[in-house]
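**Student:** Contents of query25.cif (mmCIF, C-alpha atoms) are given next:
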data_data
loop_
_atom_site.label_atom_id
_atom_site.label_comp_id
_atom_site.auth_asym_id
_atom_site.auth_seq_id
_atom_site.Cartn_x
_atom_site.Cartn_y
_atom_site.Cartn_z
CA MET A 1325 135.76 108.56 154.69
CA ARG A 1326 137.67 108.77 151.39
CA GLN A 1327 136.98 105.10 150.68
CA GLY A 1328 133.23 105.65 151.21
CA ALA A 1329 133.22 108.66 148.87
CA ARG A 1330 135.02 106.67 146.17
CA ILE A 1331 132.57 103.75 146.43
CA ALA A 1332 129.60 106.14 146.35
CA ARG A 1333 131.00 107.83 143.24
CA GLN A 1334 131.55 104.44 141.57
CA VAL A 1335 127.95 103.42 142.28
CA VAL A 1336 126.30 106.77 141.46
CA LEU A 1337 127.98 107.38 138.09
CA PRO A 1338 126.89 104.05 136.58
CA SER A 1339 123.40 104.57 138.05
CA ILE A 1340 123.11 107.94 136.35
CA ALA A 1341 124.42 106.47 133.11
CA VAL A 1342 121.97 103.56 133.32
CA SER A 1343 119.13 106.03 133.90
CA ILE A 1344 120.16 108.05 130.86
CA ALA A 1345 120.40 104.88 128.78
CA CYS A 1346 116.91 103.84 129.93
CA VAL A 1347 115.47 107.21 128.90
CA PHE A 1348 117.15 106.89 125.50
CA LEU A 1349 115.84 103.36 124.99
CA ALA A 1350 112.36 104.43 126.07
CA ALA A 1351 112.44 107.24 123.48
CA CYS A 1352 113.51 104.74 120.82
CA SER A 1353 110.77 102.30 121.74
CA TYR A 1354 108.24 105.18 121.83
CA SER A 1355 109.21 106.14 118.28
CA ASP A 1356 109.00 102.50 117.14
CA ARG A 1357 105.33 102.35 118.20
CA PHE A 1358 104.35 104.50 115.23
CA PRO A 1359 104.33 103.76 111.51
CA GLU A 1360 106.12 106.20 109.23
CA LEU A 1361 102.87 107.51 107.78
CA VAL A 1362 101.58 109.07 110.99
CA ALA A 1363 100.49 112.53 112.07
CA LEU A 1364 103.26 114.66 113.56
CA ASP A 1365 100.88 115.56 116.41
CA GLU A 1366 100.71 111.88 117.31
CA ALA A 1367 104.35 110.76 116.98
CA HIS A 1368 105.89 114.18 117.82
CA LEU A 1369 109.33 113.32 116.40
CA PHE A 1370 108.32 112.65 112.78
CA GLY A 1371 105.24 112.50 110.59
CA TYR A 1372 102.95 114.60 108.43
CA SER A 1373 101.05 117.77 109.16
CA GLU A 1374 98.71 119.82 107.06
CA ARG A 1375 96.93 123.14 107.18
CA ALA A 1376 94.33 124.81 105.04
CA LEU A 1377 95.51 127.84 103.07
CA GLY A 1378 92.04 128.85 101.93
CA GLY A 1379 89.79 127.56 99.21
CA ASP A 1380 91.04 124.23 97.92
CA ARG A 1381 94.67 124.94 98.77
CA PHE A 1382 96.57 123.13 101.49
CA GLU A 1383 100.09 122.99 102.87
CA VAL A 1384 101.24 119.44 103.56
CA SER A 1385 104.55 118.70 105.25
CA TYR A 1386 106.40 115.57 106.21
CA LEU A 1387 109.31 115.23 108.65
CA THR A 1388 111.26 111.95 108.41
CA ARG A 1389 112.49 109.94 111.35
CA GLU A 1390 115.94 110.98 112.51
CA GLN A 1391 118.46 108.50 111.12
CA ASP A 1392 122.12 107.75 111.56
CA ALA A 1393 124.28 109.25 108.84
CA SER A 1394 127.72 108.57 107.44
CA LEU A 1395 130.70 110.66 108.46
CA ASP A 1396 131.88 110.56 104.83
CA ASP A 1397 130.64 113.69 103.02
CA ASP A 1398 129.76 111.95 99.74
CA LYS A 1399 127.90 109.10 101.43
CA ARG A 1400 126.09 111.53 103.71
CA ASP A 1401 125.04 113.65 100.71
CA ALA A 1402 123.56 110.52 99.09
CA GLU A 1403 121.76 109.62 102.34
CA ALA A 1404 120.42 113.17 102.57
CA GLY A 1405 119.17 112.96 98.98
CA ARG A 1406 117.32 109.71 99.72
CA ALA A 1407 115.83 111.17 102.91
CA LYS A 1408 114.69 114.29 101.03
CA ALA A 1409 113.07 112.15 98.31
CA LYS A 1410 111.30 110.09 100.98
CA ALA A 1411 109.99 113.22 102.72
CA ARG A 1412 108.68 114.47 99.37
CA ASP A 1413 107.03 111.12 98.61
CA PHE A 1414 105.32 110.99 102.00
CA ALA A 1415 104.08 114.59 101.68
CA LEU A 1416 102.63 113.72 98.24
CA TRP A 1417 101.10 110.53 99.64
CA ARG A 1418 99.46 112.46 102.44
CA ALA A 1419 98.15 115.09 99.97
CA ALA A 1420 96.60 112.30 97.88
CA MET A 1421 94.55 110.96 100.80
CA PRO A 1422 92.25 113.93 101.45
CA ALA A 1423 92.07 114.61 97.71
CA ALA A 1424 90.71 111.12 97.14
CA HIS A 1425 88.50 111.22 100.24
CA HIS A 1426 86.83 114.49 99.19
CA GLY A 1427 86.33 113.36 95.61
CA PHE A 1428 88.88 115.57 93.87
CA SER A 1429 90.10 114.05 90.64
CA ALA A 1430 93.59 115.58 90.85
CA PHE A 1431 95.90 117.80 92.86
CA SER A 1432 98.68 120.09 91.72
CA VAL A 1433 101.83 121.03 93.57
CA LEU A 1434 102.05 124.83 93.49
CA ASP A 1435 105.19 125.25 95.57
CA SER A 1436 107.62 122.98 97.40
CA ARG A 1437 110.49 123.30 99.84
CA TYR A 1438 112.87 120.58 100.98
CA ASP A 1439 115.58 120.67 103.58
CA VAL A 1440 117.79 118.26 105.48
CA ASP A 1441 119.19 118.95 108.93
CA VAL A 1442 122.53 117.24 109.48
CA THR A 1443 124.14 117.05 112.90
CA ILE A 1444 127.72 115.93 113.38
CA ASP A 1445 128.89 115.30 116.92
CA ASP A 1446 132.66 115.16 117.06
CA GLU A 1447 133.24 115.97 120.70
CA GLY A 1448 134.05 112.42 121.73
CA ALA A 1449 131.91 110.19 123.93
CA TYR A 1450 131.79 108.49 127.30
CA PHE A 1451 131.05 104.79 127.33
CA VAL A 1452 129.55 103.64 130.60
CA GLY A 1453 130.58 100.32 132.05
CA ALA A 1454 133.64 100.13 129.85
CA ALA A 1455 135.92 99.57 132.81
CA CYS A 1456 134.22 97.09 135.17
CA SER A 1457 135.98 94.77 137.53
CA SER A 1458 135.32 91.05 137.31
CA TYR A 1459 133.16 91.29 140.45
CA GLY A 1460 130.85 93.93 138.98
CA PHE A 1461 132.03 96.59 141.39
CA GLY A 1462 134.00 99.60 140.38
CA CYS A 1463 132.23 100.08 137.05
CA GLY A 1464 133.15 103.34 135.52
CA SER A 1465 133.20 104.98 132.18
CA ALA A 1466 135.78 105.44 129.50
CA TYR A 1467 136.15 108.50 127.32
CA ASP A 1468 136.97 108.16 123.63
CA PRO A 1469 138.03 111.60 122.33
CA ASP A 1470 138.02 110.37 118.71
CA PHE A 1471 134.43 109.08 118.70
CA ARG A 1472 132.28 110.84 116.08
CA GLU A 1473 128.72 110.32 114.92
CA ALA A 1474 126.29 111.98 112.55
CA TRP A 1475 122.57 111.90 111.96
CA LEU A 1476 120.09 113.62 109.71
CA GLN A 1477 116.42 114.41 109.33
CA ALA A 1478 114.60 115.65 106.21
CA ARG A 1479 111.53 117.81 105.79
CA ALA A 1480 109.33 118.41 102.75
CA VAL A 1481 106.70 121.14 102.58
CA ILE A 1482 104.38 121.26 99.58
CA ASN A 1483 101.53 123.63 98.77
CA VAL A 1484 98.83 121.86 96.82
CA GLN A 1485 95.73 122.87 94.90
CA MET A 1486 92.89 120.36 94.79
CA ASN A 1487 91.38 120.08 91.31
CA ASN A 1488 87.89 118.96 90.24
CA ALA A 1489 89.19 118.04 86.80
CA PRO A 1490 92.52 116.62 85.63
CA VAL A 1491 95.09 119.34 84.96
CA GLN A 1492 98.32 118.93 83.03
CA GLY A 1493 101.13 117.97 85.40
CA ALA A 1494 98.72 117.20 88.25
CA TYR A 1495 98.80 114.07 90.39
CA MET A 1496 95.90 111.62 90.36
CA PRO A 1497 95.08 110.86 94.03
CA ASP A 1498 94.29 107.12 93.71
CA ALA A 1499 97.21 106.40 91.40
CA THR A 1500 99.61 108.39 93.61
CA ALA A 1501 98.48 106.58 96.76
CA ARG A 1502 98.77 103.16 95.06
CA ARG A 1503 102.23 103.89 93.64
CA LEU A 1504 103.63 105.18 96.93
CA GLY A 1505 101.92 102.41 98.91
CA ALA A 1506 103.69 99.87 96.69
CA GLN A 1507 107.00 101.74 96.96
CA TYR A 1508 106.80 101.91 100.79
CA PRO A 1509 104.83 98.77 101.75
CA ASP A 1510 105.68 98.97 105.47
CA ALA A 1511 104.90 102.68 105.89
CA ARG A 1512 101.65 101.95 107.74
CA ILE A 1513 103.15 99.32 110.06
CA PRO A 1514 105.01 100.32 113.24
CA PRO A 1515 108.63 99.06 113.18
CA ASN A 1516 108.05 97.03 116.34
CA GLN A 1517 105.32 95.07 114.50
CA ALA A 1518 107.07 94.62 111.14
CA ASN A 1519 108.28 91.16 110.12
#
Please render this file's structure as structure tokens.

**Tutor:**
Amino acid sequence: MRQGARIARQVVLPSIAVSIACVFLAACSYSDRFPELVALDEAHLFGYSERALGGDRFEVSYLTREQDASLDDDKRDAEAGRAKAKARDFALWRAAMPAAHHGFSAFSVLDSRYDVDVTIDDEGAYFVGAACSSYGFGCGSAYDPDFREAWLQARAVINVQMNNAPVQGAYMPDATARRLGAQYPDARIPPNQAN
């Protein structure tokens, strides 16, 4: 009976781990179906959202994809800065689209907020299948107590005023959309379709 319990445990643990890995890979492939410039309601994990604040004022936000981050503080700070700048750019890009569509000649940023969530997991990790026999039976897992990883995600929230005439310091919708489209040429292409 002990032998049967040990074999069952050796088969069940890898099966559970394989199931978890499949769910993770499915989530990754789900995320890769969407371009970066997508509605948050559509992609769920990243994207833009907007809401009317009354009159010609809108709140536009952009949440970046979650990305791996460095464990080194200085490198991670630089990565966070780049992610924050990207979130800001995509929020501005999104604000330019309805401004241009509705015939506004400019839009002004009245208020902005930027934040970056950083997660550091330093509790070690199990690696499934790390200890398999040459026959494929007896696969197990190995625990690495020193394994660490980090990831981050940035959000930008801007409040904008649509303008019927150019205002000092305002953004021109067409020029903003062209500039950011050139800066992020693959933003409208899902990663699984990019070259």

**Student:** Identify which of the residues A:Tyr1495, A:Tyr1386, A:Trp1475, A:Trp1417 lies closest to Leu1434 (chain A), counting all atoms listed in the file when measuring atom-to-atom distances.

**Tutor:**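 Checking each of A:Tyr1495, A:Tyr1386, A:Trp1475, A:Trp1417 against Leu1434 (chain A), counting all atoms listed in the file, the winner is A:Tyr1495.
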
**Student:** Could you write out as a count of residues only the residues that the PyMOL selection byres ((chain A and resi 1486-1494) around 6) matches in the shown file?

**Tutor:** 8

**Student:** Counting all atoms listed in the file, which of A:Ala1501, A:Ile1444, A:Ile1482, A:Ala1466 gets nearest to Leu1395 (chain A)?

**Tutor:**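 Smallest separation from Leu1395 (chain A) among the options: A:Ile1444.
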
**Student:** Report, in Å to a single decimal, how far apart CA of Arg1472 (chain A) and CA of Glu1447 (chain A) are.

**Tutor:**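 Straight-line distance from CA of Glu1447 (chain A) to CA of Arg1472 (chain A) works out to 7.0 Å.
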
**Student:** With all atoms listed in the file as the atoms that count, which of A:His1426, A:Glu1360, A:Asp1445, A:Ala1478 lies nearest to Arg1406 (chain A)?

**Tutor:**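 Nearest candidate to Arg1406 (chain A) out of A:His1426, A:Glu1360, A:Asp1445, A:Ala1478: A:Ala1478.
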
**Student:** Taking all atoms listed in the file into account, which of A:Asp1356, A:Asp1435, A:Glu1383, A:Asp1397 comes nearest Gln1517 (chain A)?

**Tutor:**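 Comparing A:Asp1356, A:Asp1435, A:Glu1383, A:Asp1397 against Gln1517 (chain A), the winner is A:Asp1356.
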
**Student:** Pick the closest to Arg1389 (chain A) from A:Ala1402, A:Arg1512, A:Phe1358, A:Ala1415: which is it, counting only C-alpha atoms?

**Tutor:**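 Closest candidate: A:Phe1358.
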
**Student:** Could you list, as a VMD selection string, every residue within 12 Å of Ala1409 (chain A), counting only C-alpha atoms and ignoring same-chain residues fewer than 6 positions away?

**Tutor:** chain A and resid 1386 to 1388 1402 to 1403 1415 to 1416 1437 to 1440 1477 to 1481 1504

**Student:** At what distance in Å, to one decimal, does CA of Asp1396 (chain A) lie from CA of Asp1413 (chain A)?

**Tutor:**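 Here the two named atoms are 25.6 Å from each other.
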
**Student:** Identify all residues satisfying the PyMOL selection byres ((chain A and resi 1498) around 9) in the given file; provide them as a list in words.

**Tutor:**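 When the PyMOL selection byres ((chain A and resi 1498) around 9) is applied to the shown file, the picked residues are Ala1420, Met1421, Ala1423, Ala1424, Ser1429, Ala1430, Tyr1495, Met1496, Pro1497, Ala1499, Thr1500, Ala1501, Arg1502 and Arg1503 of chain A.
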
**Student:** With C-alpha atoms kept, could you save the residues just selected as a CSV table (one decimal), keeping the file's coordinate frame?

**Tutor:**
chain,number,residue,atom,x,y,z
A,1420,ALA,CA,96.6,112.3,97.9
A,1421,MET,CA,94.6,111.0,100.8
A,1423,ALA,CA,92.1,114.6,97.7
A,1424,ALA,CA,90.7,111.1,97.1
A,1429,SER,CA,90.1,114.0,90.6
A,1430,ALA,CA,93.6,115.6,90.8
A,1495,TYR,CA,98.8,114.1,90.4
A,1496,MET,CA,95.9,111.6,90.4
A,1497,PRO,CA,95.1,110.9,94.0
A,1499,ALA,CA,97.2,106.4,91.4
A,1500,THR,CA,99.6,108.4,93.6
A,1501,ALA,CA,98.5,106.6,96.8
A,1502,ARG,CA,98.8,103.2,95.1
A,1503,ARG,CA,102.2,103.9,93.6

**Student:** Rounded to one decimal in Å, what is the spacing between CA of Asp1392 (chain A) and CA of Ile1513 (chain A)?

**Tutor:**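 If I compute the distance from CA of Asp1392 (chain A) to CA of Ile1513 (chain A), I get 20.8 Å.
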
**Student:** Could you expand the PyMOL selection byres ((chain A and resi 1442) around 6) into the explicit residues it covers here, written as a PyMOL selection string?

**Tutor:** chain A and resi 1441+1443+1475-1476

**Student:** Counting only C-alpha atoms, which of A:Ala1407, A:Leu1377, A:Pro1359, A:Phe1471 gets nearest to Glu1390 (chain A)?

**Tutor:** A:Ala1407

**Student:** Kindly reconstruct region 1375-1386 of chain A with all heavy atoms and present the result as an mmCIF file, in the coordinates of the input.

**Tutor:**
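This is the output file rebuild-v3.cif:
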data_model
loop_
_atom_site.group_PDB
_atom_site.id
_atom_site.type_symbol
_atom_site.label_atom_id
_atom_site.label_comp_id
_atom_site.auth_asym_id
_atom_site.auth_seq_id
_atom_site.Cartn_x
_atom_site.Cartn_y
_atom_site.Cartn_z
ATOM 1 N N ARG A 1375 97.754 122.006 106.781
ATOM 2 C CA ARG A 1375 96.930 123.140 107.180
ATOM 3 C C ARG A 1375 96.285 123.728 105.941
ATOM 4 O O ARG A 1375 96.876 123.727 104.856
ATOM 5 C CB ARG A 1375 97.716 124.175 107.963
ATOM 6 C CG ARG A 1375 98.766 124.903 107.200
ATOM 7 C CD ARG A 1375 99.539 125.881 108.102
ATOM 8 N NE ARG A 1375 100.602 126.498 107.367
ATOM 9 C CZ ARG A 1375 100.557 127.739 106.882
ATOM 10 N NH1 ARG A 1375 99.508 128.493 107.095
ATOM 11 N NH2 ARG A 1375 101.578 128.221 106.211
ATOM 12 N N ALA A 1376 95.071 124.205 106.141
ATOM 13 C CA ALA A 1376 94.330 124.810 105.040
ATOM 14 C C ALA A 1376 94.897 126.193 104.759
ATOM 15 O O ALA A 1376 95.222 126.945 105.677
ATOM 16 C CB ALA A 1376 92.853 124.907 105.404
ATOM 17 N N LEU A 1377 95.026 126.516 103.474
ATOM 18 C CA LEU A 1377 95.510 127.840 103.070
ATOM 19 C C LEU A 1377 94.373 128.689 102.505
ATOM 20 O O LEU A 1377 94.590 129.821 102.110
ATOM 21 C CB LEU A 1377 96.618 127.692 102.010
ATOM 22 C CG LEU A 1377 97.866 126.941 102.441
ATOM 23 C CD1 LEU A 1377 98.823 126.793 101.266
ATOM 24 C CD2 LEU A 1377 98.551 127.656 103.600
ATOM 25 N N GLY A 1378 93.192 128.140 102.476
ATOM 26 C CA GLY A 1378 92.040 128.850 101.930
ATOM 27 C C GLY A 1378 91.610 128.237 100.614
ATOM 28 O O GLY A 1378 92.431 127.811 99.802
ATOM 29 N N GLY A 1379 90.308 128.184 100.417
ATOM 30 C CA GLY A 1379 89.790 127.560 99.210
ATOM 31 C C GLY A 1379 90.141 126.091 99.184
ATOM 32 O O GLY A 1379 89.998 125.387 100.183
ATOM 33 N N ASP A 1380 90.639 125.637 98.062
ATOM 34 C CA ASP A 1380 91.040 124.230 97.920
ATOM 35 C C ASP A 1380 92.543 124.079 97.967
ATOM 36 O O ASP A 1380 93.102 123.144 97.399
ATOM 37 C CB ASP A 1380 90.492 123.672 96.594
ATOM 38 C CG ASP A 1380 88.977 123.581 96.607
ATOM 39 O OD1 ASP A 1380 88.406 123.429 97.706
ATOM 40 O OD2 ASP A 1380 88.368 123.678 95.528
ATOM 41 N N ARG A 1381 93.215 124.988 98.653
ATOM 42 C CA ARG A 1381 94.670 124.940 98.770
ATOM 43 C C ARG A 1381 95.064 124.499 100.182
ATOM 44 O O ARG A 1381 94.473 124.925 101.164
ATOM 45 C CB ARG A 1381 95.292 126.302 98.464
ATOM 46 C CG ARG A 1381 95.114 126.693 97.027
ATOM 47 C CD ARG A 1381 95.803 127.988 96.735
ATOM 48 N NE ARG A 1381 95.628 128.317 95.324
ATOM 49 C CZ ARG A 1381 96.331 129.214 94.698
ATOM 50 N NH1 ARG A 1381 97.261 129.911 95.335
ATOM 51 N NH2 ARG A 1381 96.120 129.452 93.424
ATOM 52 N N PHE A 1382 96.099 123.658 100.219
ATOM 53 C CA PHE A 1382 96.570 123.130 101.490
ATOM 54 C C PHE A 1382 98.099 123.103 101.500
ATOM 55 O O PHE A 1382 98.731 122.977 100.453
ATOM 56 C CB PHE A 1382 96.070 121.688 101.705
ATOM 57 C CG PHE A 1382 94.591 121.589 101.833
ATOM 58 C CD1 PHE A 1382 93.789 121.471 100.709
ATOM 59 C CD2 PHE A 1382 93.994 121.627 103.076
ATOM 60 C CE1 PHE A 1382 92.417 121.390 100.813
ATOM 61 C CE2 PHE A 1382 92.615 121.544 103.198
ATOM 62 C CZ PHE A 1382 91.822 121.430 102.066
ATOM 63 N N GLU A 1383 98.649 123.213 102.683
ATOM 64 C CA GLU A 1383 100.090 122.990 102.870
ATOM 65 C C GLU A 1383 100.226 121.644 103.564
ATOM 66 O O GLU A 1383 99.612 121.415 104.606
ATOM 67 C CB GLU A 1383 100.714 124.084 103.721
ATOM 68 C CG GLU A 1383 102.201 123.843 103.972
ATOM 69 C CD GLU A 1383 102.788 124.886 104.895
ATOM 70 O OE1 GLU A 1383 102.716 124.673 106.124
ATOM 71 O OE2 GLU A 1383 103.300 125.898 104.384
ATOM 72 N N VAL A 1384 101.001 120.761 102.981
ATOM 73 C CA VAL A 1384 101.240 119.440 103.560
ATOM 74 C C VAL A 1384 102.745 119.316 103.776
ATOM 75 O O VAL A 1384 103.540 119.627 102.890
ATOM 76 C CB VAL A 1384 100.760 118.312 102.619
ATOM 77 C CG1 VAL A 1384 101.018 116.946 103.238
ATOM 78 C CG2 VAL A 1384 99.286 118.489 102.281
ATOM 79 N N SER A 1385 103.123 118.890 104.969
ATOM 80 C CA SER A 1385 104.550 118.700 105.250
ATOM 81 C C SER A 1385 104.785 117.313 105.813
ATOM 82 O O SER A 1385 103.873 116.693 106.365
ATOM 83 C CB SER A 1385 105.076 119.769 106.200
ATOM 84 O OG SER A 1385 104.490 119.620 107.478
ATOM 85 N N TYR A 1386 106.007 116.861 105.638
ATOM 86 C CA TYR A 1386 106.400 115.570 106.210
ATOM 87 C C TYR A 1386 107.815 115.693 106.743
ATOM 88 O O TYR A 1386 108.713 116.177 106.048
ATOM 89 C CB TYR A 1386 106.319 114.423 105.198
ATOM 90 C CG TYR A 1386 106.590 113.111 105.872
ATOM 91 C CD1 TYR A 1386 105.577 112.458 106.570
ATOM 92 C CD2 TYR A 1386 107.854 112.557 105.882
ATOM 93 C CE1 TYR A 1386 105.828 111.274 107.243
ATOM 94 C CE2 TYR A 1386 108.109 111.373 106.553
ATOM 95 C CZ TYR A 1386 107.096 110.744 107.238
ATOM 96 O OH TYR A 1386 107.345 109.592 107.924
#
